[in-house]
$ cat my_file.csv   # CSV, C-alpha atoms
chain,number,residue,atom,x,y,z
A,262,MET,CA,-7.5,93.8,116.9
A,263,LEU,CA,-6.5,91.6,114.0
A,264,LYS,CA,-5.6,94.6,111.8
A,265,ARG,CA,-3.4,96.1,114.6
A,266,ILE,CA,-1.7,92.8,115.2
A,267,THR,CA,-1.0,92.2,111.5
A,268,ALA,CA,0.3,95.8,111.2
A,269,LYS,CA,2.8,95.1,114.0
A,270,VAL,CA,3.9,91.8,112.5
A,271,SER,CA,4.4,93.6,109.2
A,272,ASP,CA,6.5,96.3,110.8
A,273,VAL,CA,8.8,93.8,112.5
A,274,LEU,CA,9.1,91.5,109.5
A,275,GLY,CA,9.8,94.6,107.3
A,276,ALA,CA,12.6,95.7,109.6
A,277,ARG,CA,14.2,92.2,109.4
A,278,LEU,CA,14.1,92.0,105.7
A,279,LYS,CA,16.2,93.8,103.1
A,280,GLY,CA,13.3,94.4,100.8
A,281,PRO,CA,10.0,96.2,101.4
A,282,ALA,CA,7.8,95.2,104.3
A,283,PRO,CA,5.2,92.5,103.5
A,284,ASP,CA,1.8,94.0,102.9
A,285,ALA,CA,-0.1,93.5,106.2
A,286,HIS,CA,-3.2,92.4,104.2
A,287,ALA,CA,-1.1,89.7,102.6
A,288,ILE,CA,-0.1,87.9,105.8
A,289,GLU,CA,-2.3,84.9,106.3
A,290,ALA,CA,-3.5,84.4,109.8
A,291,CYS,CA,-2.1,80.9,109.9
A,292,ALA,CA,1.2,81.6,108.1
A,293,ASP,CA,4.3,80.5,110.1
A,294,LEU,CA,6.1,83.8,111.0
A,295,ARG,CA,9.5,82.0,111.2
A,296,GLU,CA,9.1,81.1,107.5
A,297,LEU,CA,8.4,84.8,106.8
A,298,GLY,CA,11.7,85.8,108.4
A,299,LEU,CA,10.9,86.2,112.1
A,300,ASP,CA,14.0,85.3,114.2
A,301,SER,CA,14.8,85.6,117.9
A,302,LEU,CA,15.5,89.4,117.9
A,303,GLY,CA,12.5,89.9,115.7
A,304,ALA,CA,10.4,88.0,118.3
A,305,VAL,CA,11.5,90.3,121.1
A,306,ASN,CA,10.7,93.3,119.0
A,307,LEU,CA,7.3,91.9,118.1
A,308,MET,CA,6.5,91.2,121.8
A,309,LEU,CA,7.5,94.7,122.8
A,310,SER,CA,5.5,96.2,120.0
A,311,LEU,CA,2.4,94.2,121.0
A,312,GLU,CA,2.8,95.2,124.6
A,313,SER,CA,3.0,98.9,123.6
A,314,GLU,CA,0.2,98.7,121.1
A,315,PHE,CA,-2.2,97.0,123.4
A,316,ASP,CA,-0.9,98.5,126.7
A,317,LEU,CA,-0.5,95.1,128.3
A,318,PHE,CA,2.2,92.9,129.8
A,319,ILE,CA,2.8,89.4,128.4
A,320,PRO,CA,3.4,87.2,131.4
A,321,GLN,CA,6.5,85.0,131.3
A,322,ASP,CA,4.5,81.8,131.2
A,323,ARG,CA,2.7,83.0,128.0
A,324,ILE,CA,6.0,83.7,126.2
A,325,LYS,CA,6.1,80.5,124.3
A,326,PRO,CA,7.0,79.9,120.6
A,327,GLN,CA,3.6,78.5,119.8
A,328,ASN,CA,1.9,81.8,121.0
A,329,PHE,CA,3.9,83.8,118.4
A,330,ARG,CA,4.1,81.4,115.5
A,331,SER,CA,1.3,83.0,113.5
A,332,VAL,CA,-1.0,86.1,113.5
A,333,GLY,CA,-3.8,83.7,114.5
A,334,ALA,CA,-1.9,82.5,117.6
A,335,ILE,CA,-1.0,86.1,118.6
A,336,MET,CA,-4.7,87.1,118.2
A,337,SER,CA,-5.7,84.3,120.5
A,338,LEU,CA,-3.1,85.3,123.1
A,339,MET,CA,-3.9,89.0,122.9
A,340,SER,CA,-7.6,88.3,123.3
A,341,ASP,CA,-6.9,86.2,126.4
A,342,LEU,CA,-4.6,88.9,127.9
A,343,ALA,CA,-7.1,91.7,127.1
A,344,LYS,CA,-9.8,89.7,129.0
A,345,VAL,CA,-7.6,89.5,132.1
A,346,ALA,CA,-6.7,93.2,131.8
B,1277,MET,CA,20.9,78.6,132.1
B,1278,THR,CA,18.8,81.7,131.9
B,1279,ALA,CA,17.9,81.5,135.6
B,1280,ALA,CA,21.2,83.2,136.3
B,1281,GLY,CA,20.0,86.7,135.2
B,1282,ASP,CA,17.9,89.1,137.1
B,1283,ARG,CA,14.2,88.8,136.5
B,1284,HIS,CA,14.2,91.5,133.7
B,1285,VAL,CA,17.1,89.8,132.0
B,1286,GLN,CA,15.5,86.4,132.4
B,1287,ARG,CA,12.4,87.8,130.7
B,1288,LEU,CA,14.4,89.2,127.7
B,1289,LEU,CA,16.3,85.9,127.4
B,1290,HIS,CA,13.0,84.0,127.5
B,1291,MET,CA,11.6,86.2,124.7
B,1292,LEU,CA,14.7,85.5,122.6
B,1293,GLU,CA,14.6,81.8,123.2
B,1294,SER,CA,10.9,81.7,122.1
B,1295,GLY,CA,11.9,83.1,118.7
B,1296,ARG,CA,15.0,81.0,118.2
B,1297,ASP,CA,15.2,79.2,115.0
B,1298,ALA,CA,18.2,77.0,114.5
B,1299,ASP,CA,17.9,77.3,110.7
B,1300,ALA,CA,17.7,81.1,110.6
B,1301,PRO,CA,20.4,82.2,108.0
B,1302,TYR,CA,23.1,84.7,109.1
B,1303,ASP,CA,22.1,88.1,107.8
B,1304,PRO,CA,24.1,91.1,109.1
B,1305,VAL,CA,21.8,93.6,107.5
B,1306,ALA,CA,18.7,92.1,109.1
B,1307,ARG,CA,20.6,92.2,112.4
B,1308,ARG,CA,21.3,95.9,111.8
B,1309,ASN,CA,17.6,96.6,111.3
B,1310,GLY,CA,16.6,94.4,114.2
B,1311,LEU,CA,18.9,96.2,116.6
B,1312,LEU,CA,17.6,99.6,115.5
B,1313,GLN,CA,14.1,98.5,116.1
B,1314,LEU,CA,15.0,97.1,119.5
B,1315,ALA,CA,16.6,100.4,120.4
B,1316,SER,CA,13.4,102.3,119.4
B,1317,LEU,CA,11.3,100.0,121.6
B,1318,ALA,CA,13.5,99.7,124.6
B,1319,GLY,CA,16.5,101.9,124.3
B,1320,SER,CA,15.6,105.5,125.2
B,1321,ILE,CA,13.4,105.2,128.3
B,1322,GLY,CA,14.3,108.1,130.6
B,1323,ALA,CA,16.9,109.5,128.2
B,1324,PRO,CA,17.7,113.0,129.3
B,1325,ALA,CA,17.2,116.1,127.1
B,1326,CYS,CA,20.3,117.3,125.5
B,1327,THR,CA,21.1,119.8,122.7
B,1328,THR,CA,22.2,117.7,119.8
B,1329,GLU,CA,23.7,118.5,116.4
B,1330,GLU,CA,24.9,116.3,113.6
B,1331,PHE,CA,28.3,116.9,112.2
B,1332,SER,CA,30.5,115.7,109.3
B,1333,LEU,CA,34.2,115.5,109.4
B,1334,SER,CA,36.5,116.2,106.4
B,1335,SER,CA,37.5,112.5,106.5
B,1336,GLY,CA,33.9,111.7,105.6
B,1337,VAL,CA,32.9,110.4,109.0
B,1338,SER,CA,29.8,111.8,110.5
B,1339,GLY,CA,28.5,112.0,114.0
B,1340,ARG,CA,26.3,113.6,116.6
B,1341,ILE,CA,27.3,116.0,119.4
B,1342,TYR,CA,25.5,116.0,122.7
B,1343,ARG,CA,25.6,119.0,125.1
B,1344,SER,CA,23.8,118.7,128.4
B,1345,ALA,CA,24.3,122.3,129.3
B,1346,THR,CA,25.4,125.5,127.5
B,1347,SER,CA,28.7,127.1,128.4
B,1348,ASP,CA,31.0,129.9,127.2
B,1349,THR,CA,34.1,128.1,128.5
B,1350,PRO,CA,35.8,125.1,126.8
B,1351,GLN,CA,34.2,121.9,127.9
B,1352,PRO,CA,35.6,118.5,128.7
B,1353,ALA,CA,34.5,115.9,126.1
B,1354,MET,CA,34.1,112.2,125.4
B,1355,ILE,CA,34.4,110.8,121.9
B,1356,TYR,CA,32.1,107.7,121.9
B,1357,PHE,CA,32.0,104.6,119.7
B,1358,HIS,CA,28.9,102.5,119.6
B,1359,GLY,CA,28.8,98.7,119.6
B,1360,GLY,CA,27.0,96.4,117.2
B,1361,GLY,CA,29.6,93.8,116.1
B,1362,PHE,CA,30.9,96.0,113.3
B,1363,VAL,CA,27.8,95.2,111.2
B,1364,ALA,CA,25.1,97.0,113.3
B,1365,GLY,CA,24.6,99.9,115.6
B,1366,GLY,CA,24.7,103.6,114.9
B,1367,LEU,CA,23.9,107.1,116.2
B,1368,ASP,CA,20.3,106.2,116.7
B,1369,THR,CA,20.7,102.8,118.5
B,1370,HIS,CA,23.0,104.6,121.1
B,1371,ASP,CA,21.2,107.9,121.3
B,1372,GLY,CA,19.8,107.2,124.7
B,1373,VAL,CA,23.2,106.0,125.9
B,1374,CYS,CA,25.0,109.1,124.7
B,1375,ARG,CA,22.4,111.4,126.3
B,1376,ARG,CA,22.8,109.7,129.6
B,1377,LEU,CA,26.6,109.8,129.4
B,1378,ALA,CA,26.6,113.5,128.5
B,1379,LEU,CA,24.4,114.4,131.5
B,1380,GLY,CA,26.2,112.1,134.0
B,1381,SER,CA,29.8,112.9,133.0
B,1382,HIS,CA,29.3,116.7,132.5
B,1383,ARG,CA,31.2,116.2,129.2
B,1384,VAL,CA,30.2,117.0,125.7
B,1385,VAL,CA,29.7,113.6,124.0
B,1386,LEU,CA,30.6,113.2,120.3
B,1387,SER,CA,29.1,109.9,119.0
B,1388,ILE,CA,30.9,108.6,115.9
B,1389,ALA,CA,29.1,106.9,112.9
B,1390,TYR,CA,32.0,104.8,111.7
B,1391,GLY,CA,31.4,102.6,108.6
B,1392,LEU,CA,29.8,99.2,109.0
B,1393,ALA,CA,30.5,95.9,107.4
B,1394,PRO,CA,29.9,94.3,105.0
B,1395,GLU,CA,30.0,97.6,103.1
B,1396,ALA,CA,33.1,98.7,105.0
B,1397,VAL,CA,35.7,96.0,106.0
B,1398,PHE,CA,38.8,96.1,108.1
B,1399,PRO,CA,40.5,98.5,108.6
B,1400,ALA,CA,37.6,100.9,107.7
B,1401,ALA,CA,36.0,101.2,111.2
B,1402,HIS,CA,39.4,101.4,112.8
B,1403,ASP,CA,40.6,104.1,110.3
B,1404,ASP,CA,37.3,106.0,110.7
B,1405,ALA,CA,37.7,106.0,114.5
B,1406,ARG,CA,41.3,107.1,114.4
B,1407,ASN,CA,40.7,109.8,111.8
B,1408,ALA,CA,37.6,111.1,113.6
B,1409,VAL,CA,39.5,111.4,116.9
B,1410,SER,CA,42.4,113.2,115.2
B,1411,GLU,CA,40.2,115.7,113.5
B,1412,ILE,CA,38.1,116.4,116.6
B,1413,VAL,CA,41.3,117.0,118.6
B,1414,ARG,CA,42.6,119.4,115.9
B,1415,GLU,CA,39.2,121.2,115.9
B,1416,ALA,CA,38.7,121.1,119.7
B,1417,SER,CA,38.8,124.8,120.2
B,1418,ALA,CA,36.4,125.5,117.4
B,1419,LEU,CA,34.0,122.9,118.8
B,1420,GLY,CA,34.2,124.6,122.3
B,1421,LEU,CA,36.1,121.6,123.8
B,1422,ASP,CA,39.0,121.6,126.3
B,1423,PRO,CA,41.8,119.9,124.4
B,1424,THR,CA,43.4,118.9,127.8
B,1425,ARG,CA,40.3,117.0,128.9
B,1426,LEU,CA,39.3,114.7,126.1
B,1427,ALA,CA,38.3,111.1,126.8
B,1428,LEU,CA,37.6,108.1,124.5
B,1429,ALA,CA,34.9,105.6,125.3
B,1430,GLY,CA,32.8,102.9,123.7
B,1431,ASP,CA,30.7,99.8,124.3
B,1432,SER,CA,31.1,96.3,122.9
B,1433,VAL,CA,33.2,96.5,119.7
B,1434,GLY,CA,33.1,100.3,120.1
B,1435,GLY,CA,35.2,99.9,123.2
B,1436,GLY,CA,37.7,98.0,121.2
B,1437,LEU,CA,37.7,100.8,118.6
B,1438,ALA,CA,38.2,103.4,121.4
B,1439,MET,CA,41.1,101.5,122.9
B,1440,ALA,CA,42.7,100.8,119.5
B,1441,ALA,CA,42.5,104.5,118.6
B,1442,CYS,CA,44.0,105.4,121.9
B,1443,LEU,CA,47.0,103.1,121.4
B,1444,ALA,CA,47.5,104.1,117.8
B,1445,LEU,CA,47.5,107.8,118.5
B,1446,ALA,CA,49.7,107.4,121.5
B,1447,THR,CA,52.5,105.9,119.4
B,1448,SER,CA,52.0,108.0,116.3
B,1449,SER,CA,51.2,111.5,117.7
B,1450,ASP,CA,51.4,113.6,120.8
B,1451,ILE,CA,47.6,113.3,121.3
B,1452,ARG,CA,46.7,112.2,124.8
B,1453,PHE,CA,43.5,111.6,126.6
B,1454,ASP,CA,42.5,112.0,130.2
B,1455,ARG,CA,40.2,108.9,130.4
B,1456,LEU,CA,39.4,105.7,128.5
B,1457,GLY,CA,36.0,104.3,129.2
B,1458,LEU,CA,35.0,100.8,128.2
B,1459,MET,CA,31.5,99.4,128.7
B,1460,CYS,CA,31.3,95.6,128.2
B,1461,PRO,CA,34.1,95.9,125.6
B,1462,ILE,CA,35.1,93.4,122.9
B,1463,LEU,CA,38.9,93.8,122.8
B,1464,ASP,CA,39.9,90.6,120.9
B,1465,LEU,CA,38.4,89.3,117.6
B,1466,HIS,CA,40.2,86.0,117.8
B,1467,ARG,CA,40.6,84.6,121.3
B,1468,ASP,CA,38.7,82.0,123.1
B,1469,SER,CA,38.0,82.5,126.8
B,1470,PRO,CA,36.1,80.9,129.7
B,1471,SER,CA,33.3,83.6,129.5
B,1472,ARG,CA,32.9,83.1,125.8
B,1473,ARG,CA,32.5,79.4,126.4
B,1474,LEU,CA,30.1,79.8,129.4
B,1475,TYR,CA,27.9,82.5,128.0
B,1476,GLY,CA,28.3,82.2,124.2
B,1477,ARG,CA,24.8,80.8,123.7
B,1478,GLY,CA,21.5,81.8,125.1
B,1479,PHE,CA,22.7,85.1,126.7
B,1480,PHE,CA,21.6,87.7,124.2
B,1481,VAL,CA,24.7,87.7,122.0
B,1482,GLU,CA,25.3,84.4,120.2
B,1483,MET,CA,29.0,83.6,119.7
B,1484,ASP,CA,28.3,81.8,116.4
B,1485,ALA,CA,26.8,85.0,115.0
B,1486,VAL,CA,29.4,87.3,116.5
B,1487,ARG,CA,32.2,85.2,115.0
B,1488,ARG,CA,30.5,85.6,111.7
B,1489,ASP,CA,30.4,89.4,112.3
B,1490,PHE,CA,34.1,89.4,113.0
B,1491,GLU,CA,34.8,87.4,109.8
B,1492,VAL,CA,32.6,89.7,107.7
B,1493,TYR,CA,34.4,92.8,109.0
B,1494,CYS,CA,37.9,91.2,109.0
B,1495,PRO,CA,38.1,88.1,106.8
B,1496,ASP,CA,41.8,87.5,107.4
B,1497,GLN,CA,42.3,85.4,110.6
B,1498,ALA,CA,45.9,86.6,111.1
B,1499,ILE,CA,44.8,90.2,111.1
B,1500,ARG,CA,41.9,89.4,113.5
B,1501,ALA,CA,44.6,88.1,115.9
B,1502,SER,CA,46.8,91.2,115.5
B,1503,ALA,CA,47.0,94.1,118.0
B,1504,GLU,CA,45.6,96.4,115.3
B,1505,ALA,CA,42.2,94.6,115.2
B,1506,SER,CA,42.4,93.1,118.8
B,1507,PRO,CA,43.9,95.8,121.1
B,1508,LEU,CA,44.0,93.3,124.0
B,1509,CYS,CA,47.0,91.8,122.2
B,1510,ALA,CA,48.9,95.0,122.4
B,1511,MET,CA,52.2,94.6,124.2
B,1512,ASP,CA,52.5,98.1,125.7
B,1513,LEU,CA,49.5,99.3,127.6
B,1514,THR,CA,51.4,101.9,129.6
B,1515,VAL,CA,50.3,104.6,127.2
B,1516,LEU,CA,46.7,104.2,128.2
B,1517,PRO,CA,45.2,106.9,130.4
B,1518,PRO,CA,43.2,106.1,133.6
B,1519,THR,CA,40.8,103.5,132.4
B,1520,ILE,CA,37.2,102.7,133.5
B,1521,ILE,CA,36.0,99.3,132.6
B,1522,HIS,CA,32.5,98.0,133.2
B,1523,THR,CA,31.6,94.3,132.6
B,1524,ALA,CA,28.5,92.2,132.9
B,1525,GLU,CA,28.5,88.8,134.7
B,1526,LEU,CA,26.7,86.9,131.9
B,1527,ASP,CA,28.5,88.5,129.0
B,1528,PRO,CA,30.6,86.2,126.7
B,1529,PHE,CA,33.0,89.1,126.5
B,1530,ARG,CA,33.3,89.6,130.3
B,1531,ASP,CA,36.9,88.2,130.3
B,1532,ASP,CA,38.0,90.8,127.7
B,1533,GLY,CA,37.4,93.7,130.0
B,1534,GLU,CA,38.5,91.9,133.2
B,1535,ASP,CA,41.7,90.6,131.7
B,1536,LEU,CA,42.6,94.1,130.5
B,1537,ALA,CA,41.9,95.4,134.0
B,1538,ALA,CA,44.2,92.8,135.5
B,1539,ARG,CA,47.0,93.7,133.0
B,1540,LEU,CA,46.6,97.4,133.7
B,1541,VAL,CA,46.6,96.9,137.5
B,1542,ALA,CA,49.7,94.7,137.2
B,1543,ARG,CA,51.5,97.5,135.5
B,1544,GLY,CA,50.4,100.0,138.1
B,1545,ARG,CA,48.0,101.8,135.8
B,1546,LYS,CA,45.0,103.7,137.2
B,1547,THR,CA,42.1,101.4,136.6
B,1548,LEU,CA,38.5,101.1,137.8
B,1549,LEU,CA,36.8,97.8,137.1
B,1550,VAL,CA,33.0,97.4,137.9
B,1551,ARG,CA,31.2,94.1,137.2
B,1552,HIS,CA,27.4,94.2,137.0
B,1553,ASP,CA,26.1,90.9,138.4
B,1554,LYS,CA,23.3,89.0,136.7
B,1555,MET,CA,23.5,91.3,133.6
B,1556,ILE,CA,24.1,90.5,129.9
B,1557,HIS,CA,25.9,92.2,127.1
B,1558,TYR,CA,24.2,95.3,125.9
B,1559,PHE,CA,22.0,95.6,129.0
B,1560,TYR,CA,23.1,99.2,129.5
B,1561,ALA,CA,21.3,100.2,126.3
B,1562,LEU,CA,18.0,98.7,127.1
B,1563,PRO,CA,16.5,100.6,130.0
B,1564,GLY,CA,13.0,99.9,128.7
B,1565,MET,CA,13.5,96.3,129.5
B,1566,ILE,CA,16.2,96.3,132.1
B,1567,PRO,CA,15.7,99.1,134.6
B,1568,SER,CA,19.2,98.9,136.1
B,1569,ALA,CA,20.6,100.0,132.8
B,1570,ASN,CA,20.3,103.7,133.6
B,1571,ALA,CA,22.0,103.3,137.0
B,1572,ALA,CA,24.9,101.5,135.3
B,1573,LEU,CA,25.4,104.2,132.7
B,1574,ASP,CA,25.2,106.9,135.4
B,1575,GLU,CA,27.9,105.1,137.4
B,1576,PHE,CA,30.1,104.8,134.3
B,1577,ALA,CA,29.5,108.5,133.4
B,1578,ARG,CA,30.4,109.7,136.9
B,1579,ALA,CA,33.6,107.7,136.8
B,1580,MET,CA,34.6,109.3,133.5
B,1581,SER,CA,34.9,112.6,135.2
B,1582,ALA,CA,35.8,111.7,138.8
B,1583,ASP,CA,39.4,111.8,140.0
B,1584,PRO,CA,41.1,108.6,139.0
B,1585,ALA,CA,41.7,106.2,141.9
$ encode --input "my_file.csv" --output "structure tokens"
Amino acid sequence: MLKRITAKVSDVLGARLKGPAPDAHAIEACADLRELGLDSLGAVNLMLSLESEFDLFIPQDRIKPQNFRSVGAIMSLMSDLAKVA
Amino acid sequence: MTAAGDRHVQRLLHMLESGRDADAPYDPVARRNGLLQLASLAGSIGAPACTTEEFSLSSGVSGRIYRSATSDTPQPAMIYFHGGGFVAGGLDTHDGVCRRLALGSHRVVLSIAYGLAPEAVFPAAHDDARNAVSEIVREASALGLDPTRLALAGDSVGGGLAMAACLALATSSDIRFDRLGLMCPILDLHRDSPSRRLYGRGFFVEMDAVRRDFEVYCPDQAIRASAEASPLCAMDLTVLPPTIIHTAELDPFRDDGEDLAARLVARGRKTLLVRHDKMIHYFYALPGMIPSANAALDEFARAMSADPA
């Protein structure tokens, strides 16, 4: 799951940046994604990508900045949602 | 404030809010890439199958033609200009929109890839639009189009480009169109309005960023306030064909379209205004997130070919 999450984060950040996408392996689990260039439109794209990748629906009460601040936070959220699903 | 939208709109706005960073720098190229990615994730759900073909015009402008059916007889057509604040958007972000319009209007749709800022600044997009329209009209027969049934249409700033081209060609040529279609149009790059104040923050398009888009495309404030850049400032609207205008309740640019409709009606022009309640700017292009997008496009498409009221 971690690899798939990191790949999606890399895709979204790569689309937001002028340069090459950051290497998925180089994104630390605790790195603040806003500092890596994630903005509001990027956050929407990331959430939609994750929903598609894991075939799940992120409930509105889980759409909080802290749940998408880092790969680690996303990992925790996806794990929770996968258990419910 | 977001409680005003329908539940799908509320969810999108909630997602945007969760990623908001007050310190994020303005970056039009990043916005361009982000919009393209959003379109790939949420923009083509249920898009009908069409025959498509890329084309290049002698003016250097390229585009994509959509045909929903084959025919041996000249077909009515709609020349379409995408939105994106002059810095973003393109053939791919609006591919689903154009497919839906081609099927629903029974017109051939020609989507135009005008130049984007900051690489291309005013009047580049306006010139591209006008030149593309002129050439398509000249080549109508070769393209299998009925020259007496040509419409112009666009969304957001593309609506403004469509209207500006319509006005410019009406005064400088004998080219006429049978419809003008404007989906959530931005028709003025300078004005303030109640809807811009009410919905300028937290409703998908942020006025601060859009003002920067306008400045990047058209740095001269006096030109932004001119009728050439802001067709809502045009004095004579009587040259416009029957006009279909769709607006969204929670769109900062709602007043642009509705003020135009009021002016046209006051001058006795055939005008159809539809407001989509609880919707935001660009909702029509996101059927993957906002299911009513397709119904709105279908209604817009039908009106582009119906007898004008």
$ residues_around --input "my_file.csv" --residues "stretch 327-343 of chain A" --least-positions-apart "4" --cutoff "8 Å" --atoms "only C-alpha atoms" --output "ChimeraX atom specification"
/A:262-263,266-267,270,288-295,304,317,319,323
$ atom_distance --input "my_file.csv" --atom1 "atom CA of B:Arg1545" --atom2 "atom CA of B:Pro1352"
22.0 Å
$ closest_residue --input "my_file.csv" --among "A:Phe315, A:Lys344, A:Leu299, A:Ala268" --to "chain B" --atoms "all atoms listed in the file"
A:Leu299
$ residues_around --input "my_file.csv" --residues "A:Ser313" --least-positions-apart "6" --cutoff "12 Å" --atoms "all atoms listed in the file" --output "compact mmCIF listing (two decimals) with C-alpha atoms, in the frame of the given file"
# COMPACT_ATOMS: atom_id res chain seq x y z
CA ARG A 265 -3.40 96.10 114.60
CA ILE A 266 -1.70 92.80 115.20
CA LYS A 269 2.80 95.10 114.00
CA ASN A 306 10.70 93.30 119.00
CA LEU A 307 7.30 91.90 118.10
CA ILE A 319 2.80 89.40 128.40
CA SER B 1316 13.40 102.30 119.40
CA LEU B 1317 11.30 100.00 121.60
CA ALA B 1318 13.50 99.70 124.60
CA GLY B 1564 13.00 99.90 128.70
$ closest_atom_pairs --input "my_file.csv" --of "chain A" --to "chain B" --cutoff "6 Å" --atoms "all atoms listed in the file" --output "tab-separated table"
residue	atom	partner	partner_atom	distance
A:Ala276	CA	B:Asn1309	CA	5.4
A:Arg277	CA	B:Ala1306	CA	4.5
A:Leu278	CA	B:Ala1306	CA	5.7
A:Asp300	CA	B:Gly1295	CA	5.4
A:Ser301	CA	B:Gly1295	CA	3.9
A:Ala304	CA	B:Gly1295	CA	5.1
A:Val305	CA	B:Met1291	CA	5.5
A:Asn306	CA	B:Leu1314	CA	5.8
A:Lys325	CA	B:Ser1294	CA	5.4
A:Pro326	CA	B:Ser1294	CA	4.5
$ atom_distance --input "my_file.csv" --atom1 "atom CA of B:Pro1563" --atom2 "atom CA of B:His1284"
10.1 Å
$ residues_around --input "my_file.csv" --residues "stretch 1435-1444 of chain B" --least-positions-apart "3" --cutoff "8 Å" --atoms "all atoms listed in the file" --output "PyMOL selection string"
chain B and resi 1356-1359+1401-1402+1405-1406+1409+1428-1432+1447-1448+1452-1453+1456-1464+1504-1507+1513+1515-1516
$ closest_residue --input "my_file.csv" --among "B:Tyr1390, B:Phe1398, B:Phe1331, B:Tyr1342" --to "B:Arg1376" --atoms "all atoms listed in the file"
B:Tyr1342
$ residues_around --input "my_file.csv" --residues "B:Gly1372" --least-positions-apart "5" --cutoff "7 Å" --atoms "only C-alpha atoms" --output "PyMOL selection string"
chain B and resi 1319-1320+1323
$ atom_distance --input "my_file.csv" --atom1 "atom CA of A:Ser310" --atom2 "atom CA of B:Phe1559"
18.8 Å
$ residues_near_point --input "my_file.csv" --point "(28.9, 78.6, 136.5)" --cutoff "10 Å" --atoms "all atoms listed in the file" --output "list in words"
Met1277, Ala1280, Ser1471, Leu1474, Tyr1475 and Leu1526 of chain B
$ decode --input "my_file.csv" --residues "stretch 1513-1564 of chain B" --atoms "C-alpha atoms" --output "mmCIF file, in the first residue's frame"
data_model
loop_
_atom_site.group_PDB
_atom_site.id
_atom_site.type_symbol
_atom_site.label_atom_id
_atom_site.label_comp_id
_atom_site.auth_asym_id
_atom_site.auth_seq_id
_atom_site.Cartn_x
_atom_site.Cartn_y
_atom_site.Cartn_z
ATOM 1 C CA LEU B 1513 -24.728 44.182 -28.853
ATOM 2 C CA THR B 1514 -27.375 44.169 -31.565
ATOM 3 C CA VAL B 1515 -25.021 42.341 -33.927
ATOM 4 C CA LEU B 1516 -25.071 39.243 -31.731
ATOM 5 C CA PRO B 1517 -27.095 36.234 -32.904
ATOM 6 C CA PRO B 1518 -29.604 34.470 -30.637
ATOM 7 C CA THR B 1519 -27.606 33.878 -27.485
ATOM 8 C CA ILE B 1520 -27.746 31.011 -24.992
ATOM 9 C CA ILE B 1521 -26.244 31.810 -21.593
ATOM 10 C CA HIS B 1522 -25.867 29.353 -18.709
ATOM 11 C CA THR B 1523 -24.700 30.562 -15.312
ATOM 12 C CA ALA B 1524 -24.007 28.890 -11.958
ATOM 13 C CA GLU B 1525 -25.399 30.257 -8.716
ATOM 14 C CA LEU B 1526 -22.118 30.093 -6.768
ATOM 15 C CA ASP B 1527 -19.873 31.327 -9.574
ATOM 16 C CA PRO B 1528 -17.967 34.599 -9.022
ATOM 17 C CA PHE B 1529 -18.656 35.340 -12.701
ATOM 18 C CA ARG B 1530 -22.394 34.715 -12.525
ATOM 19 C CA ASP B 1531 -23.133 38.409 -12.967
ATOM 20 C CA ASP B 1532 -21.155 38.564 -16.213
ATOM 21 C CA GLY B 1533 -23.529 36.205 -17.973
ATOM 22 C CA GLU B 1534 -26.670 37.482 -16.286
ATOM 23 C CA ASP B 1535 -25.862 41.139 -16.932
ATOM 24 C CA LEU B 1536 -25.271 40.341 -20.595
ATOM 25 C CA ALA B 1537 -28.603 38.529 -20.727
ATOM 26 C CA ALA B 1538 -30.359 41.540 -19.205
ATOM 27 C CA ARG B 1539 -28.786 43.895 -21.737
ATOM 28 C CA LEU B 1540 -29.706 41.646 -24.654
ATOM 29 C CA VAL B 1541 -33.298 41.253 -23.478
ATOM 30 C CA ALA B 1542 -33.584 45.024 -22.992
ATOM 31 C CA ARG B 1543 -32.579 45.445 -26.632
ATOM 32 C CA GLY B 1544 -35.079 42.880 -27.804
ATOM 33 C CA ARG B 1545 -32.470 40.288 -28.722
ATOM 34 C CA LYS B 1546 -33.334 36.595 -28.630
ATOM 35 C CA THR B 1547 -31.771 35.350 -25.417
ATOM 36 C CA LEU B 1548 -32.043 32.241 -23.294
ATOM 37 C CA LEU B 1549 -30.668 32.457 -19.761
ATOM 38 C CA VAL B 1550 -30.422 29.372 -17.535
ATOM 39 C CA ARG B 1551 -29.045 29.531 -14.003
ATOM 40 C CA HIS B 1552 -27.872 26.301 -12.352
ATOM 41 C CA ASP B 1553 -28.656 26.518 -8.654
ATOM 42 C CA LYS B 1554 -26.080 25.343 -6.080
ATOM 43 C CA MET B 1555 -23.415 24.960 -8.786
ATOM 44 C CA ILE B 1556 -19.932 26.437 -9.105
ATOM 45 C CA HIS B 1557 -17.763 27.665 -11.976
ATOM 46 C CA TYR B 1558 -16.525 24.784 -14.139
ATOM 47 C CA PHE B 1559 -19.041 22.303 -12.688
ATOM 48 C CA TYR B 1560 -20.147 21.337 -16.198
ATOM 49 C CA ALA B 1561 -16.690 19.901 -16.954
ATOM 50 C CA LEU B 1562 -16.504 17.637 -13.887
ATOM 51 C CA PRO B 1563 -19.150 14.919 -14.323
ATOM 52 C CA GLY B 1564 -16.946 12.503 -12.383
#
